[in-house]
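Asks: Input structure: coords-v4.cif, which contains mmCIF, C-alpha atoms.
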```
data_entry
loop_
_atom_site.group_PDB
_atom_site.id
_atom_site.type_symbol
_atom_site.label_atom_id
_atom_site.label_comp_id
_atom_site.auth_asym_id
_atom_site.auth_seq_id
_atom_site.Cartn_x
_atom_site.Cartn_y
_atom_site.Cartn_z
ATOM 1 C CA MET A 833 61.034 18.653 -12.817
ATOM 2 C CA SER A 834 57.801 16.938 -13.585
ATOM 3 C CA VAL A 835 57.028 14.840 -16.617
ATOM 4 C CA ALA A 836 54.273 17.230 -17.699
ATOM 5 C CA LEU A 837 56.723 20.123 -17.795
ATOM 6 C CA ILE A 838 59.222 18.156 -19.897
ATOM 7 C CA VAL A 839 56.493 17.134 -22.328
ATOM 8 C CA SER A 840 55.201 20.704 -22.556
ATOM 9 C CA GLY A 841 58.644 22.131 -23.188
ATOM 10 C CA ALA A 842 59.375 19.493 -25.818
ATOM 11 C CA LEU A 843 56.046 20.259 -27.519
ATOM 12 C CA ALA A 844 56.846 23.975 -27.506
ATOM 13 C CA ILE A 845 60.290 23.532 -29.047
ATOM 14 C CA GLY A 846 59.161 20.845 -31.476
ATOM 15 C CA GLY A 847 56.238 22.964 -32.614
ATOM 16 C CA ALA A 848 58.527 25.956 -33.103
ATOM 17 C CA LEU A 849 60.894 23.873 -35.237
ATOM 18 C CA GLY A 850 57.942 22.537 -37.193
ATOM 19 C CA VAL A 851 56.784 26.069 -38.013
ATOM 20 C CA ILE A 852 60.006 27.043 -39.734
ATOM 21 C CA LEU A 853 60.754 23.647 -41.304
ATOM 22 C CA ALA A 854 57.373 22.865 -42.867
ATOM 23 C CA ARG A 855 57.055 23.361 -46.606
ATOM 24 C CA ALA A 856 53.359 24.201 -46.745
ATOM 25 C CA PRO A 857 51.902 27.016 -44.633
ATOM 26 C CA VAL A 858 49.090 24.753 -43.423
ATOM 27 C CA HIS A 859 51.610 22.443 -41.786
ATOM 28 C CA SER A 860 53.215 25.471 -40.160
ATOM 29 C CA VAL A 861 49.830 26.404 -38.690
ATOM 30 C CA ILE A 862 49.425 22.955 -37.161
ATOM 31 C CA ALA A 863 52.950 23.103 -35.742
ATOM 32 C CA LEU A 864 52.281 26.563 -34.321
ATOM 33 C CA ILE A 865 49.159 25.256 -32.560
ATOM 34 C CA VAL A 866 51.305 22.505 -31.036
ATOM 35 C CA ASN A 867 53.798 25.168 -29.941
ATOM 36 C CA PHE A 868 51.038 27.229 -28.300
ATOM 37 C CA LEU A 869 49.606 24.219 -26.487
ATOM 38 C CA GLY A 870 53.075 23.369 -25.201
ATOM 39 C CA LEU A 871 53.585 26.956 -24.050
ATOM 40 C CA ALA A 872 50.220 26.826 -22.267
ATOM 41 C CA GLY A 873 51.440 23.751 -20.398
ATOM 42 C CA VAL A 874 54.611 25.589 -19.411
ATOM 43 C CA TYR A 875 52.496 28.544 -18.221
ATOM 44 C CA LEU A 876 50.502 26.135 -16.047
ATOM 45 C CA SER A 877 53.697 24.931 -14.414
ATOM 46 C CA LEU A 878 54.432 28.594 -13.607
ATOM 47 C CA GLN A 879 51.015 28.964 -11.907
ATOM 48 C CA ALA A 880 49.757 31.248 -14.662
ATOM 49 C CA GLU A 881 46.384 29.550 -15.032
ATOM 50 C CA PHE A 882 44.540 32.471 -16.566
ATOM 51 C CA LEU A 883 47.243 33.092 -19.148
ATOM 52 C CA ALA A 884 47.386 29.398 -20.065
ATOM 53 C CA VAL A 885 43.666 29.365 -20.815
ATOM 54 C CA ALA A 886 43.829 32.720 -22.595
ATOM 55 C CA GLN A 887 46.741 31.410 -24.663
ATOM 56 C CA VAL A 888 44.714 28.439 -25.857
ATOM 57 C CA ILE A 889 41.594 30.500 -26.593
ATOM 58 C CA VAL A 890 43.238 33.550 -28.180
ATOM 59 C CA TYR A 891 46.152 31.961 -30.027
ATOM 60 C CA ALA A 892 45.335 28.336 -30.687
ATOM 61 C CA GLY A 893 41.728 29.325 -31.307
ATOM 62 C CA ALA A 894 41.199 32.764 -32.793
ATOM 63 C CA VAL A 895 44.565 33.711 -34.292
ATOM 64 C CA MET A 896 45.179 30.353 -35.946
ATOM 65 C CA ILE A 897 41.678 30.312 -37.442
ATOM 66 C CA LEU A 898 42.565 33.688 -38.956
ATOM 67 C CA PHE A 899 45.747 32.190 -40.397
ATOM 68 C CA LEU A 900 43.832 29.242 -41.828
ATOM 69 C CA PHE A 901 41.301 31.542 -43.501
ATOM 70 C CA VAL A 902 44.043 33.605 -45.116
ATOM 71 C CA ILE A 903 45.867 30.491 -46.311
ATOM 72 C CA ALA A 904 42.644 29.171 -47.788
ATOM 73 C CA LEU A 905 42.070 32.545 -49.463
ATOM 74 C CA LEU A 906 45.552 32.998 -50.903
ATOM 75 C CA THR A 907 46.641 29.509 -51.818
ATOM 76 C CA VAL A 908 43.405 28.021 -53.046
ATOM 77 C CA LYS A 909 44.587 27.278 -56.589
ATOM 78 C CA ARG A 910 48.321 26.923 -56.503
ATOM 79 C CA GLU A 911 50.993 25.223 -54.546
ATOM 80 C CA PRO A 912 52.692 28.017 -52.574
ATOM 81 C CA MET A 913 56.274 26.971 -53.012
ATOM 82 C CA GLU A 914 59.055 29.326 -52.130
ATOM 83 C CA ARG A 915 61.550 29.748 -54.904
ATOM 84 C CA LEU A 916 65.132 29.200 -53.836
ATOM 85 C CA THR A 917 66.709 31.821 -56.023
ATOM 86 C CA ALA A 918 70.406 32.632 -56.069
ATOM 87 C CA ARG A 919 69.696 35.750 -54.035
ATOM 88 C CA THR A 920 67.843 33.793 -51.365
ATOM 89 C CA ALA A 921 70.528 31.102 -51.205
ATOM 90 C CA GLY A 922 73.252 33.723 -50.929
ATOM 91 C CA ARG A 923 71.601 35.265 -47.901
ATOM 92 C CA LEU A 924 71.144 31.977 -46.087
ATOM 93 C CA PRO A 925 74.525 31.705 -44.292
ATOM 94 C CA LEU A 926 74.324 35.277 -43.032
ATOM 95 C CA ASN A 927 70.773 34.726 -41.780
ATOM 96 C CA LEU A 928 71.786 31.548 -39.979
ATOM 97 C CA LEU A 929 74.743 33.372 -38.457
ATOM 98 C CA ALA A 930 72.523 36.204 -37.201
ATOM 99 C CA ALA A 931 70.025 33.852 -35.582
ATOM 100 C CA PHE A 932 72.669 31.709 -33.930
ATOM 101 C CA ALA A 933 74.567 34.787 -32.747
ATOM 102 C CA MET A 934 71.433 36.093 -31.042
ATOM 103 C CA ALA A 935 70.742 32.710 -29.464
ATOM 104 C CA PHE A 936 74.348 32.446 -28.296
ATOM 105 C CA LEU A 937 74.366 35.906 -26.725
ATOM 106 C CA VAL A 938 71.027 35.451 -24.961
ATOM 107 C CA VAL A 939 71.926 32.000 -23.645
ATOM 108 C CA LEU A 940 75.299 33.302 -22.475
ATOM 109 C CA ALA A 941 73.602 36.177 -20.643
ATOM 110 C CA ILE A 942 71.147 33.789 -18.983
ATOM 111 C CA VAL A 943 73.751 31.239 -17.941
ATOM 112 C CA ARG A 944 76.131 33.835 -16.507
ATOM 113 C CA SER A 945 73.419 35.765 -14.667
ATOM 114 C CA ASP A 946 72.574 35.327 -11.010
ATOM 115 C CA PRO A 947 68.824 35.681 -10.570
ATOM 116 C CA GLY A 948 69.020 35.236 -6.814
ATOM 117 C CA GLY A 949 66.932 32.970 -4.663
ATOM 118 C CA SER A 950 63.276 32.531 -5.443
ATOM 119 C CA VAL A 951 60.903 34.589 -3.325
ATOM 120 C CA ALA A 952 58.000 32.934 -1.573
ATOM 121 C CA VAL A 953 54.985 33.597 -3.768
ATOM 122 C CA PRO A 954 51.703 34.765 -2.229
ATOM 123 C CA SER A 955 49.066 32.105 -1.748
ATOM 124 C CA ASN A 956 46.704 33.538 -4.356
ATOM 125 C CA PHE A 957 49.420 33.873 -7.015
ATOM 126 C CA GLY A 958 48.166 33.262 -10.521
ATOM 127 C CA THR A 959 44.529 32.656 -9.680
ATOM 128 C CA VAL A 960 41.878 34.213 -11.879
ATOM 129 C CA ARG A 961 40.797 36.448 -8.991
ATOM 130 C CA ALA A 962 44.316 37.817 -8.523
ATOM 131 C CA MET A 963 44.700 38.226 -12.284
ATOM 132 C CA GLY A 964 41.460 40.195 -12.448
ATOM 133 C CA GLU A 965 42.622 42.464 -9.671
ATOM 134 C CA THR A 966 45.950 43.001 -11.435
ATOM 135 C CA LEU A 967 44.298 43.816 -14.739
ATOM 136 C CA LEU A 968 41.234 45.766 -13.652
ATOM 137 C CA VAL A 969 42.499 47.565 -10.538
ATOM 138 C CA THR A 970 46.267 47.978 -10.770
ATOM 139 C CA HIS A 971 46.622 48.261 -14.538
ATOM 140 C CA VAL A 972 43.181 49.438 -15.581
ATOM 141 C CA PHE A 973 44.458 52.282 -17.770
ATOM 142 C CA PRO A 974 46.700 50.061 -19.948
ATOM 143 C CA PHE A 975 43.774 47.646 -20.107
ATOM 144 C CA GLU A 976 41.554 50.321 -21.641
ATOM 145 C CA ILE A 977 44.346 51.346 -23.994
ATOM 146 C CA ALA A 978 44.579 47.708 -25.094
ATOM 147 C CA ALA A 979 40.891 47.812 -25.991
ATOM 148 C CA LEU A 980 41.610 50.902 -28.091
ATOM 149 C CA VAL A 981 44.506 49.094 -29.798
ATOM 150 C CA LEU A 982 42.202 46.237 -30.756
ATOM 151 C CA LEU A 983 39.610 48.687 -32.086
ATOM 152 C CA VAL A 984 42.232 50.423 -34.219
ATOM 153 C CA ALA A 985 43.381 47.024 -35.509
ATOM 154 C CA VAL A 986 39.859 46.040 -36.521
ATOM 155 C CA VAL A 987 39.253 49.354 -38.299
ATOM 156 C CA GLY A 988 42.652 49.053 -39.974
ATOM 157 C CA VAL A 989 41.850 45.581 -41.290
ATOM 158 C CA VAL A 990 38.560 46.794 -42.735
ATOM 159 C CA VAL A 991 40.294 49.755 -44.382
ATOM 160 C CA LEU A 992 43.032 47.528 -45.810
ATOM 161 C CA VAL A 993 41.031 44.681 -47.288
ATOM 162 C CA GLY A 994 37.395 45.762 -47.208
ATOM 163 C CA ARG A 995 35.787 46.232 -50.597
ATOM 164 C CA ARG A 996 34.601 49.757 -51.123
ATOM 165 C CA PRO A 997 31.151 50.146 -52.694
ATOM 166 C CA GLU A 998 31.526 51.334 -56.255
ATOM 167 C CA LYS A 999 30.250 54.798 -56.922
ATOM 168 C CA GLY A 1000 27.242 55.319 -59.106
ATOM 169 C CA ARG A 1001 25.734 51.966 -58.249
ATOM 170 C CA GLU A 1002 23.059 51.238 -55.710
ATOM 171 C CA MET B 1189 58.158 22.906 -9.673
ATOM 172 C CA SER B 1190 61.883 22.465 -9.476
ATOM 173 C CA LEU B 1191 62.987 24.044 -12.724
ATOM 174 C CA SER B 1192 64.778 27.288 -11.934
ATOM 175 C CA VAL B 1193 63.956 30.568 -13.615
ATOM 176 C CA GLN B 1194 67.029 30.115 -15.784
ATOM 177 C CA GLY B 1195 65.611 26.936 -17.258
ATOM 178 C CA TYR B 1196 62.463 28.747 -18.303
ATOM 179 C CA LEU B 1197 64.543 31.599 -19.698
ATOM 180 C CA LEU B 1198 66.581 29.147 -21.763
ATOM 181 C CA LEU B 1199 63.365 27.678 -23.176
ATOM 182 C CA SER B 1200 62.180 31.198 -23.963
ATOM 183 C CA ALA B 1201 65.492 32.057 -25.644
ATOM 184 C CA VAL B 1202 65.429 28.887 -27.755
ATOM 185 C CA ILE B 1203 61.876 29.565 -28.966
ATOM 186 C CA SER B 1204 62.692 33.208 -29.730
ATOM 187 C CA ALA B 1205 65.825 32.215 -31.649
ATOM 188 C CA ILE B 1206 63.861 29.671 -33.693
ATOM 189 C CA GLY B 1207 61.345 32.407 -34.481
ATOM 190 C CA LEU B 1208 64.100 34.797 -35.562
ATOM 191 C CA LEU B 1209 65.626 32.098 -37.755
ATOM 192 C CA GLY B 1210 62.295 31.464 -39.443
ATOM 193 C CA LEU B 1211 61.734 35.178 -39.936
ATOM 194 C CA LEU B 1212 65.116 35.576 -41.606
ATOM 195 C CA VAL B 1213 65.206 32.413 -43.695
ATOM 196 C CA ARG B 1214 61.664 31.822 -44.873
ATOM 197 C CA ARG B 1215 60.300 33.915 -47.760
ATOM 198 C CA ASN B 1216 56.625 33.087 -47.369
ATOM 199 C CA PRO B 1217 54.978 36.051 -45.588
ATOM 200 C CA LEU B 1218 52.506 33.782 -43.780
ATOM 201 C CA ILE B 1219 55.280 31.684 -42.280
ATOM 202 C CA MET B 1220 57.242 34.832 -41.462
ATOM 203 C CA LEU B 1221 54.219 36.121 -39.513
ATOM 204 C CA MET B 1222 54.013 32.790 -37.672
ATOM 205 C CA SER B 1223 57.711 33.134 -36.803
ATOM 206 C CA VAL B 1224 56.946 36.531 -35.283
ATOM 207 C CA GLU B 1225 54.231 34.831 -33.242
ATOM 208 C CA LEU B 1226 56.870 32.385 -31.981
ATOM 209 C CA MET B 1227 59.010 35.307 -30.830
ATOM 210 C CA TRP B 1228 56.030 36.894 -29.046
ATOM 211 C CA GLY B 1229 55.456 33.595 -27.251
ATOM 212 C CA GLY B 1230 59.081 33.343 -26.193
ATOM 213 C CA GLY B 1231 59.018 36.869 -24.798
ATOM 214 C CA ALA B 1232 55.798 36.277 -22.901
ATOM 215 C CA LEU B 1233 57.283 33.131 -21.366
ATOM 216 C CA ALA B 1234 60.209 35.166 -20.014
ATOM 217 C CA PHE B 1235 57.802 37.653 -18.418
ATOM 218 C CA ILE B 1236 55.773 34.884 -16.799
ATOM 219 C CA ALA B 1237 58.885 33.084 -15.552
ATOM 220 C CA PHE B 1238 60.153 36.259 -13.906
ATOM 221 C CA ALA B 1239 56.706 36.978 -12.444
ATOM 222 C CA ARG B 1240 56.814 33.596 -10.719
ATOM 223 C CA HIS B 1241 60.397 34.229 -9.664
ATOM 224 C CA VAL B 1242 59.754 37.541 -7.911
ATOM 225 C CA GLY B 1243 56.252 36.653 -6.742
ATOM 226 C CA ASN B 1244 54.647 39.651 -8.448
ATOM 227 C CA MET B 1245 51.791 39.353 -10.925
ATOM 228 C CA ASP B 1246 52.641 42.470 -12.938
ATOM 229 C CA GLY B 1247 54.547 40.219 -15.317
ATOM 230 C CA HIS B 1248 51.311 38.338 -16.005
ATOM 231 C CA ALA B 1249 49.630 41.632 -16.882
ATOM 232 C CA PHE B 1250 52.466 42.470 -19.248
ATOM 233 C CA ALA B 1251 52.260 39.049 -20.919
ATOM 234 C CA PHE B 1252 48.520 39.568 -21.301
ATOM 235 C CA PHE B 1253 49.053 42.924 -22.991
ATOM 236 C CA ALA B 1254 51.689 41.346 -25.215
ATOM 237 C CA MET B 1255 49.069 38.764 -26.192
ATOM 238 C CA ILE B 1256 46.623 41.542 -27.116
ATOM 239 C CA VAL B 1257 49.190 43.441 -29.161
ATOM 240 C CA ALA B 1258 50.227 40.209 -30.889
ATOM 241 C CA ALA B 1259 46.622 39.549 -31.868
ATOM 242 C CA ALA B 1260 46.288 43.077 -33.260
ATOM 243 C CA GLU B 1261 49.592 42.712 -35.070
ATOM 244 C CA VAL B 1262 48.656 39.438 -36.691
ATOM 245 C CA ALA B 1263 45.308 40.861 -37.824
ATOM 246 C CA ILE B 1264 46.970 43.870 -39.479
ATOM 247 C CA GLY B 1265 49.783 41.703 -40.879
ATOM 248 C CA LEU B 1266 47.404 39.209 -42.453
ATOM 249 C CA ALA B 1267 45.329 42.064 -43.891
ATOM 250 C CA LEU B 1268 48.482 43.460 -45.502
ATOM 251 C CA VAL B 1269 49.379 40.027 -46.882
ATOM 252 C CA VAL B 1270 45.922 39.610 -48.359
ATOM 253 C CA ALA B 1271 45.972 43.111 -49.848
ATOM 254 C CA LEU B 1272 49.432 42.602 -51.354
ATOM 255 C CA PHE B 1273 49.032 39.102 -52.728
ATOM 256 C CA ARG B 1274 45.437 39.254 -53.919
ATOM 257 C CA GLY B 1275 45.525 38.133 -57.533
ATOM 258 C CA ARG B 1276 49.224 37.365 -57.652
ATOM 259 C CA GLU B 1277 50.767 34.120 -58.756
ATOM 260 C CA ALA B 1278 53.479 33.457 -56.183
ATOM 261 C CA VAL B 1279 53.356 34.179 -52.479
ATOM 262 C CA ASP B 1280 56.907 35.408 -52.018
ATOM 263 C CA ILE B 1281 57.977 38.398 -49.970
ATOM 264 C CA ASP B 1282 60.765 39.231 -52.420
ATOM 265 C CA ASP B 1283 58.157 40.140 -55.037
ATOM 266 C CA ILE B 1284 57.065 43.102 -52.955
ATOM 267 C CA GLN B 1285 59.232 46.024 -54.057
ATOM 268 C CA LEU B 1286 56.672 48.794 -54.197
ATOM 269 C CA LEU B 1287 58.830 51.210 -52.210
ATOM 270 C CA LYS B 1288 62.038 50.449 -54.089
ATOM 271 C CA GLY B 1289 63.183 53.571 -55.870
#
```
For the structure just supplied, provide its representation as structure tokens.
Replies:
Amino acid sequence: MSVALIVSGALAIGGALGVILARAPVHSVIALIVNFLGLAGVYLSLQAEFLAVAQVIVYAGAVMILFLFVIALLTVKREPMERLTARTAGRLPLNLLAAFAMAFLVVLAIVRSDPGGSVAVPSNFGTVRAMGETLLVTHVFPFEIAALVLLVAVVGVVVLVGRRPEKGRE
Amino acid sequence: MSLSVQGYLLLSAVISAIGLLGLLVRRNPLIMLMSVELMWGGGALAFIAFARHVGNMDGHAFAFFAMIVAAAEVAIGLALVVALFRGREAVDIDDIQLLKG
């Protein structure tokens, strides 16, 4: 296990912890970027070069910029503190229990499973050329559907937050 | 490259569990959305680990589609957050009870 992989995994887990432990949403955004960069490093160790680069561009670039804009829009005047009401505090133990139960079950399933020996991967595994063939030849129909999904998302965002022109005014 | 597929799956499970914990515990909708992003990332890591394990790149395609759907989801989710909390004082998900009878 190489040093780069250990560092990447530690960055991914540390960033994930930072997201849920930070008080201010801006700090969560920074931690999430760290998490995505760590995940990209882990992807590289799995020979998923294209996905590692796409991860950095799409997530650490575009999606987090979107988050930053919304945070700047919503929390420009006030400190966005979460109120720890009695209701919230009462739910906390049950929430912790649910999360740890899921983690316990998944880890148990992984540890007790037998994935079998690793298969020899083809020589062009994970290259951009092979990825393009997978996306645009083998799975071209889901690829087009994905484009439609993005179009629907864009139209939905405009419908949800776009300002409609007032009637009776030029 | 000596970490087995189970090691990657454990990393994926830990990240997903952290995301679930954040989603359940935090009350700020922005941080809850980021926790969902963590869970997407954990799931994609499992797909990529298995793709490497079986030597088939279909898992990469699935992780790519998951990335696209996650981007669409975060765009819609942030639009909802902006629409709901525009002009409100506190950003707290418990204030949203529009559908409560």
Asks: Hey, which of A:Gly994, A:Arg944, A:Ala931, A:Ala872 ends up closest to chain B? Count all atoms listed in the file.
Replies: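 Between A:Gly994, A:Arg944, A:Ala931, A:Ala872, the residue approaching chain B most closely is A:Ala931.
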Asks: With a cut-off of 6 Å, could you pull out the residues of chain A touching chain B and give me the nearest pair of atoms for each, distance in Å to one decimal, using all atoms listed in the file, ordered by chain and ascending number, as CSV?
Replies:
```
residue,atom,partner,partner_atom,distance
A:Met833,CA,B:Ser1190,CA,5.1
A:Ile852,CA,B:Gly1210,CA,5.0
A:Asn927,CA,B:Leu1212,CA,5.7
A:Ala931,CA,B:Leu1209,CA,5.2
A:Ala935,CA,B:Ala1205,CA,5.4
A:Ser950,CA,B:His1241,CA,5.4
A:Val951,CA,B:Val1242,CA,5.6
A:Val953,CA,B:Gly1243,CA,4.4
A:Leu982,CA,B:Ala1260,CA,5.7
A:Ala985,CA,B:Ala1260,CA,5.4
A:Val989,CA,B:Ala1267,CA,5.6
A:Val993,CA,B:Ala1271,CA,5.8
```
Asks: Give me the result of the PyMOL selection byres ((chain A and resi 862) around 10) on this file, residue by residue, as number ranges by chain.
Replies: A: 847, 850-851, 854, 857-861, 863-868, 892, 896, 900
Asks: Translate the PyMOL selection byres ((chain A and resi 837) around 12) into a concrete residue list for this structure, as a compact mmCIF listing (two decimals) with C-alpha atoms, keeping the file's coordinate frame.
Replies:
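Contents of the output file expr-v7.txt:
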```txt
# COMPACT_ATOMS: atom_id res chain seq x y z
CA MET A 833 61.03 18.65 -12.82
CA SER A 834 57.80 16.94 -13.58
CA VAL A 835 57.03 14.84 -16.62
CA ALA A 836 54.27 17.23 -17.70
CA ILE A 838 59.22 18.16 -19.90
CA VAL A 839 56.49 17.13 -22.33
CA SER A 840 55.20 20.70 -22.56
CA GLY A 841 58.64 22.13 -23.19
CA ALA A 842 59.38 19.49 -25.82
CA LEU A 843 56.05 20.26 -27.52
CA ALA A 844 56.85 23.98 -27.51
CA LEU A 869 49.61 24.22 -26.49
CA GLY A 870 53.08 23.37 -25.20
CA LEU A 871 53.58 26.96 -24.05
CA ALA A 872 50.22 26.83 -22.27
CA GLY A 873 51.44 23.75 -20.40
CA VAL A 874 54.61 25.59 -19.41
CA TYR A 875 52.50 28.54 -18.22
CA LEU A 876 50.50 26.14 -16.05
CA SER A 877 53.70 24.93 -14.41
CA LEU A 878 54.43 28.59 -13.61
CA MET B 1189 58.16 22.91 -9.67
CA SER B 1190 61.88 22.46 -9.48
CA LEU B 1191 62.99 24.04 -12.72
CA GLY B 1195 65.61 26.94 -17.26
CA TYR B 1196 62.46 28.75 -18.30
CA LEU B 1199 63.36 27.68 -23.18
```
Asks: Report, in Å to a single decimal, how far apart atom CA of A:Gln879 and atom CA of B:Phe1235 are.
Replies: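 Between these atoms lies a distance of 12.8 Å.
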Asks: Report, as lines of an AutoDock Vina configuration file, the axis-aligned box around all atoms of stretch 946-955 of chain A present in the file, extended by 8 Å on each side; give centre and edge lengths in Å to one decimal place.
Replies:
```
center_x = 60.8
center_y = 33.9
center_z = -6.3
size_x = 39.5
size_y = 19.6
size_z = 25.4
```
Asks: I'd like the interatomic distance between atom CA of A:Glu881 and atom CA of A:Val939, to a tenth of an Å.
Replies: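 Between atom CA of A:Glu881 and atom CA of A:Val939 the gap works out to 27.1 Å.
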Asks: I'd like the interatomic distance between atom CA of A:Gly958 and atom CA of A:Leu883, to a tenth of an Å.
Replies: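 A separation of 8.7 Å between them.
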